[in-house]
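Colleague: First the structure, which I've put down as structure tokens, then a few questions once you've had a look.
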Amino acid sequence: MDSIYNEIYGLYYWMLEKILKKAMSSELTLKDIHDIVAQYGFSESNLYFTPEVIAQGKQGYNLLKESGAGYASILQSSPAKPLTNLQKSFIKSVLSDKKIHLFFDENMLKEIHEALWDTAPLFNVDNIAFKETALDRDDYADEKYISNFKCILGAISDNRALKICFNTSKGERKTMKLAPYKLEYGIRDDKFRLCGIRIQEEKENLYVKINLARIVSITVLKQSFLLDYESFIAAKRKTEPIEIEVYNLRKGFERVFIGLSNYERISSFHEESGKCSIKIYYTDDDEQELLILLLSYGPAIKVLGPPDFRTKFIERVQKQFHMFNRP
């Protein structure tokens, strides 16, 4: 149980709590459990997590008992999860990450620090050496950056349009009206991006991503847009998803699933071969980033298609090979 408190698997504990609470009032069918996992988990969670939940005997969690009507909780009361000393230590370490100021104000942070005054941190964030990441990471301690981040979060929560002034990657200054959809974090370049739909002549016409560090100013507008973001983005996707095969070399499964967490995907595991197949759905704006990301996994993956993306991937590999093998 060395992974009992790991940010990757923490969601599974939360989903199990959801299942057990629901199983207290009425027995659940396998479909009920699948629906809960599909709603709250990752795309591949039903492959790995659900069998552990319903398993009886030596395998699995053994917290549900099976009957003719379905699955019921073996607990006599709803599950409660008090913080362990390990969890407290982990939280204490996270508090030293500069990104924490994006989500909590000073008063909230002060209360948490006071509650954990006698807890030693599990690790020192400053001692972590980041590999294969960009050198120009966002400055999370910058007051303007923090202000812009919280302004965007508020606009997303209140469904308010934004007027954004920002610098492009080419150094050009642009201004646009935007219906904000979400804030996206890229682990490879250690940056946040604002994702939304550009509004022109009061009509939505383009799905965009803007690096938060490039934003010069933000104005929250009174105007609201009740948009079906998912349908709009789906209509802009490439017709064919990227298909890859993943091998569990150097923790390949873990690295790939974490790296692709921003993208919609469908995963399937093949027990006989020990491989995992993934279909990644993406837009034109995502292509370059996905090329770089997938290259970083080396022999842990194989790109199967589509043909045009596979060709670009091979060209990148050949270019790198020639760069490192010049006479």
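Going through the structure tokens in order, the chains are called A, B, and so on, while each chain numbers its residues from 1 and the ligands are numbered from 1 in the order shown.
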Pull the alpha helix (DSSP H) assignments for segment 60-290 of chain A out of DSSP run on the backbone, and list those residues as a PyMOL selection string.
Modeller: chain A and resi 85-94+106-115+143-158+229-236+252-259+287-290
Colleague: Could you give me, as a tab-separated table, a per-residue list for segment 67-174 of chain A showing, wherever an atom lies at most 6 Å from an atom of segment 218-240 of chain A, the closest pair of atoms and their distance in Å to one decimal, using only C-alpha atoms and sorting by chain then residue number from low to high?
Modeller:
```
residue	atom	partner	partner_atom	distance
A:Asn159	CA	A:Ser224	CA	5.8
A:Arg160	CA	A:Ser224	CA	4.8
A:Ala161	CA	A:Leu221	CA	5.3
A:Leu162	CA	A:Val220	CA	4.8
A:Lys163	CA	A:Thr219	CA	5.0
A:Ile164	CA	A:Ile218	CA	4.9
```
Colleague: Could those residues be written to a file, using N, CA, C and O atoms, as a JSON list (two decimals), in the first residue's frame?
Modeller:
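Result saved to result-v3.json:
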```
[["chain", "number", "residue", "atom", "x", "y", "z"],
["A", 159, "ASN", "N", -19.86, 32.90, -15.39],
["A", 159, "ASN", "CA", -20.26, 32.88, -16.80],
["A", 159, "ASN", "C", -20.24, 34.28, -17.41],
["A", 159, "ASN", "O", -21.21, 34.74, -18.00],
["A", 160, "ARG", "N", -19.11, 34.97, -17.26],
["A", 160, "ARG", "CA", -18.94, 36.31, -17.81],
["A", 160, "ARG", "C", -17.94, 36.32, -18.95],
["A", 160, "ARG", "O", -16.92, 35.61, -18.90],
["A", 161, "ALA", "N", -18.22, 37.11, -19.97],
["A", 161, "ALA", "CA", -17.29, 37.26, -21.08],
["A", 161, "ALA", "C", -16.10, 38.12, -20.64],
["A", 161, "ALA", "O", -16.19, 38.89, -19.68],
["A", 162, "LEU", "N", -15.00, 37.98, -21.34],
["A", 162, "LEU", "CA", -13.78, 38.72, -21.02],
["A", 162, "LEU", "C", -13.29, 39.49, -22.25],
["A", 162, "LEU", "O", -13.44, 39.03, -23.38],
["A", 163, "LYS", "N", -12.68, 40.63, -21.99],
["A", 163, "LYS", "CA", -11.93, 41.35, -23.02],
["A", 163, "LYS", "C", -10.46, 41.19, -22.67],
["A", 163, "LYS", "O", -10.02, 41.66, -21.62],
["A", 164, "ILE", "N", -9.72, 40.49, -23.52],
["A", 164, "ILE", "CA", -8.33, 40.12, -23.23],
["A", 164, "ILE", "C", -7.38, 40.88, -24.14],
["A", 164, "ILE", "O", -7.55, 40.88, -25.36]]
```
Colleague: I need the residue nearest Lys174 of chain A from this list: A:Ser273, A:Ser217, A:Gln39, A:Gln76. Use only C-alpha atoms for the distance.
Modeller: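 Ranking A:Ser273, A:Ser217, A:Gln39, A:Gln76 by distance to Lys174 of chain A, first place goes to A:Ser217.
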Colleague: Name the residues in contact with segment 156-158 of chain A at a cut-off of 9 Å, using only C-alpha atoms, excluding same-chain residues fewer than 2 positions from it; report them as a list of chain:residue names.
Modeller: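 Near neighbours after the sequence-gap exclusion: A:Cys151, A:Ile152, A:Leu153, A:Gly154, A:Arg160, A:Ala161, A:Ala179, A:Pro180, A:Tyr181, A:Lys182, A:Leu183, A:Ser224.
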Colleague: Pick out the closest residue to Asp97 of chain A from this set: A:Ser261, A:Asn124, A:Ser78, A:Ser73. Count only C-alpha atoms.
Modeller: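 For Asp97 of chain A, the nearest of the given residues is A:Asn124.
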Colleague: Any idea what's packed within 12 Å of segment 282-289 of chain A, counting only C-alpha atoms, ignoring anything in its chain fewer than 6 positions away? Could you give it as JSON, numbers by chain?
Modeller: {"A": [186, 187, 188, 189, 195, 206, 207, 208, 209, 210, 232, 233, 234, 235, 236, 237, 238, 239, 240, 241, 242, 243, 259, 260, 262, 263, 264, 265, 295, 296, 306, 308, 309, 310, 312, 313, 316]}
Colleague: Tell me, in Å to one decimal, how far atom CA of Lys319 of chain A is from atom CA of Asn248 of chain A.
Modeller: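 Atom-to-atom, atom CA of Lys319 of chain A to atom CA of Asn248 of chain A, that is 25.8 Å.
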Colleague: Which parts of segment 246-288 of chain A does DSSP call strand (DSSP E) when run on the backbone here, written out as an mmCIF file with N, CA and C atoms, in the first residue's frame?
Modeller:
```
data_model
loop_
_atom_site.group_PDB
_atom_site.id
_atom_site.type_symbol
_atom_site.label_atom_id
_atom_site.label_comp_id
_atom_site.auth_asym_id
_atom_site.auth_seq_id
_atom_site.Cartn_x
_atom_site.Cartn_y
_atom_site.Cartn_z
ATOM 1 N N VAL A 246 1.046 2.043 -26.166
ATOM 2 C CA VAL A 246 1.884 2.398 -25.026
ATOM 3 C C VAL A 246 2.408 1.124 -24.372
ATOM 4 N N GLU A 264 -8.884 14.801 -24.423
ATOM 5 C CA GLU A 264 -9.915 13.767 -24.441
ATOM 6 C C GLU A 264 -9.325 12.529 -25.112
ATOM 7 N N ARG A 265 -9.546 11.382 -24.522
ATOM 8 C CA ARG A 265 -8.937 10.179 -25.066
ATOM 9 C C ARG A 265 -9.764 8.951 -24.681
ATOM 10 N N ILE A 266 -9.570 7.904 -25.433
ATOM 11 C CA ILE A 266 -10.179 6.600 -25.144
ATOM 12 C C ILE A 266 -9.048 5.590 -25.030
ATOM 13 N N SER A 267 -9.027 4.838 -23.928
ATOM 14 C CA SER A 267 -7.936 3.899 -23.680
ATOM 15 C C SER A 267 -8.460 2.482 -23.548
ATOM 16 N N SER A 268 -7.651 1.534 -23.968
ATOM 17 C CA SER A 268 -7.995 0.122 -23.776
ATOM 18 C C SER A 268 -6.714 -0.658 -23.515
ATOM 19 N N PHE A 269 -6.793 -1.586 -22.577
ATOM 20 C CA PHE A 269 -5.621 -2.378 -22.187
ATOM 21 C C PHE A 269 -5.766 -3.799 -22.718
ATOM 22 N N HIS A 270 -4.669 -4.318 -23.298
ATOM 23 C CA HIS A 270 -4.672 -5.669 -23.842
ATOM 24 C C HIS A 270 -3.830 -6.564 -22.925
ATOM 25 N N LYS A 275 0.045 -4.314 -23.628
ATOM 26 C CA LYS A 275 0.082 -2.981 -24.223
ATOM 27 C C LYS A 275 -1.220 -2.244 -23.962
ATOM 28 N N CYS A 276 -1.153 -0.928 -24.070
ATOM 29 C CA CYS A 276 -2.340 -0.092 -23.928
ATOM 30 C C CYS A 276 -2.511 0.722 -25.208
ATOM 31 N N SER A 277 -3.691 0.716 -25.769
ATOM 32 C CA SER A 277 -3.984 1.508 -26.967
ATOM 33 C C SER A 277 -4.749 2.764 -26.567
ATOM 34 N N ILE A 278 -4.353 3.902 -27.118
ATOM 35 C CA ILE A 278 -4.993 5.168 -26.778
ATOM 36 C C ILE A 278 -5.338 5.930 -28.051
ATOM 37 N N LYS A 279 -6.562 6.448 -28.101
ATOM 38 C CA LYS A 279 -6.971 7.369 -29.153
ATOM 39 C C LYS A 279 -7.071 8.766 -28.539
ATOM 40 N N ILE A 280 -6.346 9.718 -29.124
ATOM 41 C CA ILE A 280 -6.288 11.082 -28.592
ATOM 42 C C ILE A 280 -7.025 12.015 -29.544
ATOM 43 N N TYR A 281 -8.041 12.731 -29.040
ATOM 44 C CA TYR A 281 -8.799 13.657 -29.865
ATOM 45 C C TYR A 281 -8.232 15.059 -29.681
#
```
Colleague: Considering only C-alpha atoms, state which residue in the set A:Ser147, A:Phe257, A:His322, A:Asn107 is at the smallest distance from Ser43 of chain A.
Modeller: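 Selected residue with least distance to Ser43 of chain A: A:Phe257.
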Colleague: Extract, using only C-alpha atoms, all DNA, RNA and protein residues at most 12 Å from Pro299 of chain A, discarding same-chain residues fewer than 2 positions from it, and format them as JSON, numbers by chain.
Modeller: {"A": [244, 245, 246, 247, 248, 249, 250, 251, 252, 256, 294, 295, 296, 297, 301, 302, 303, 317]}
Colleague: Leu64 of chain A: which residues within 7 Å, counting only C-alpha atoms, same-chain residues fewer than 3 positions away excluded, as a PyMOL selection string?
Modeller: chain A and resi 54+71-74
Colleague: Write out as an MDAnalysis selection string the residues lying within 10 Å of Asn46 of chain A, counting only C-alpha atoms and excluding same-chain residues fewer than 2 positions away.
Modeller: chainID A and resid 33:38 41:44 48:53 268
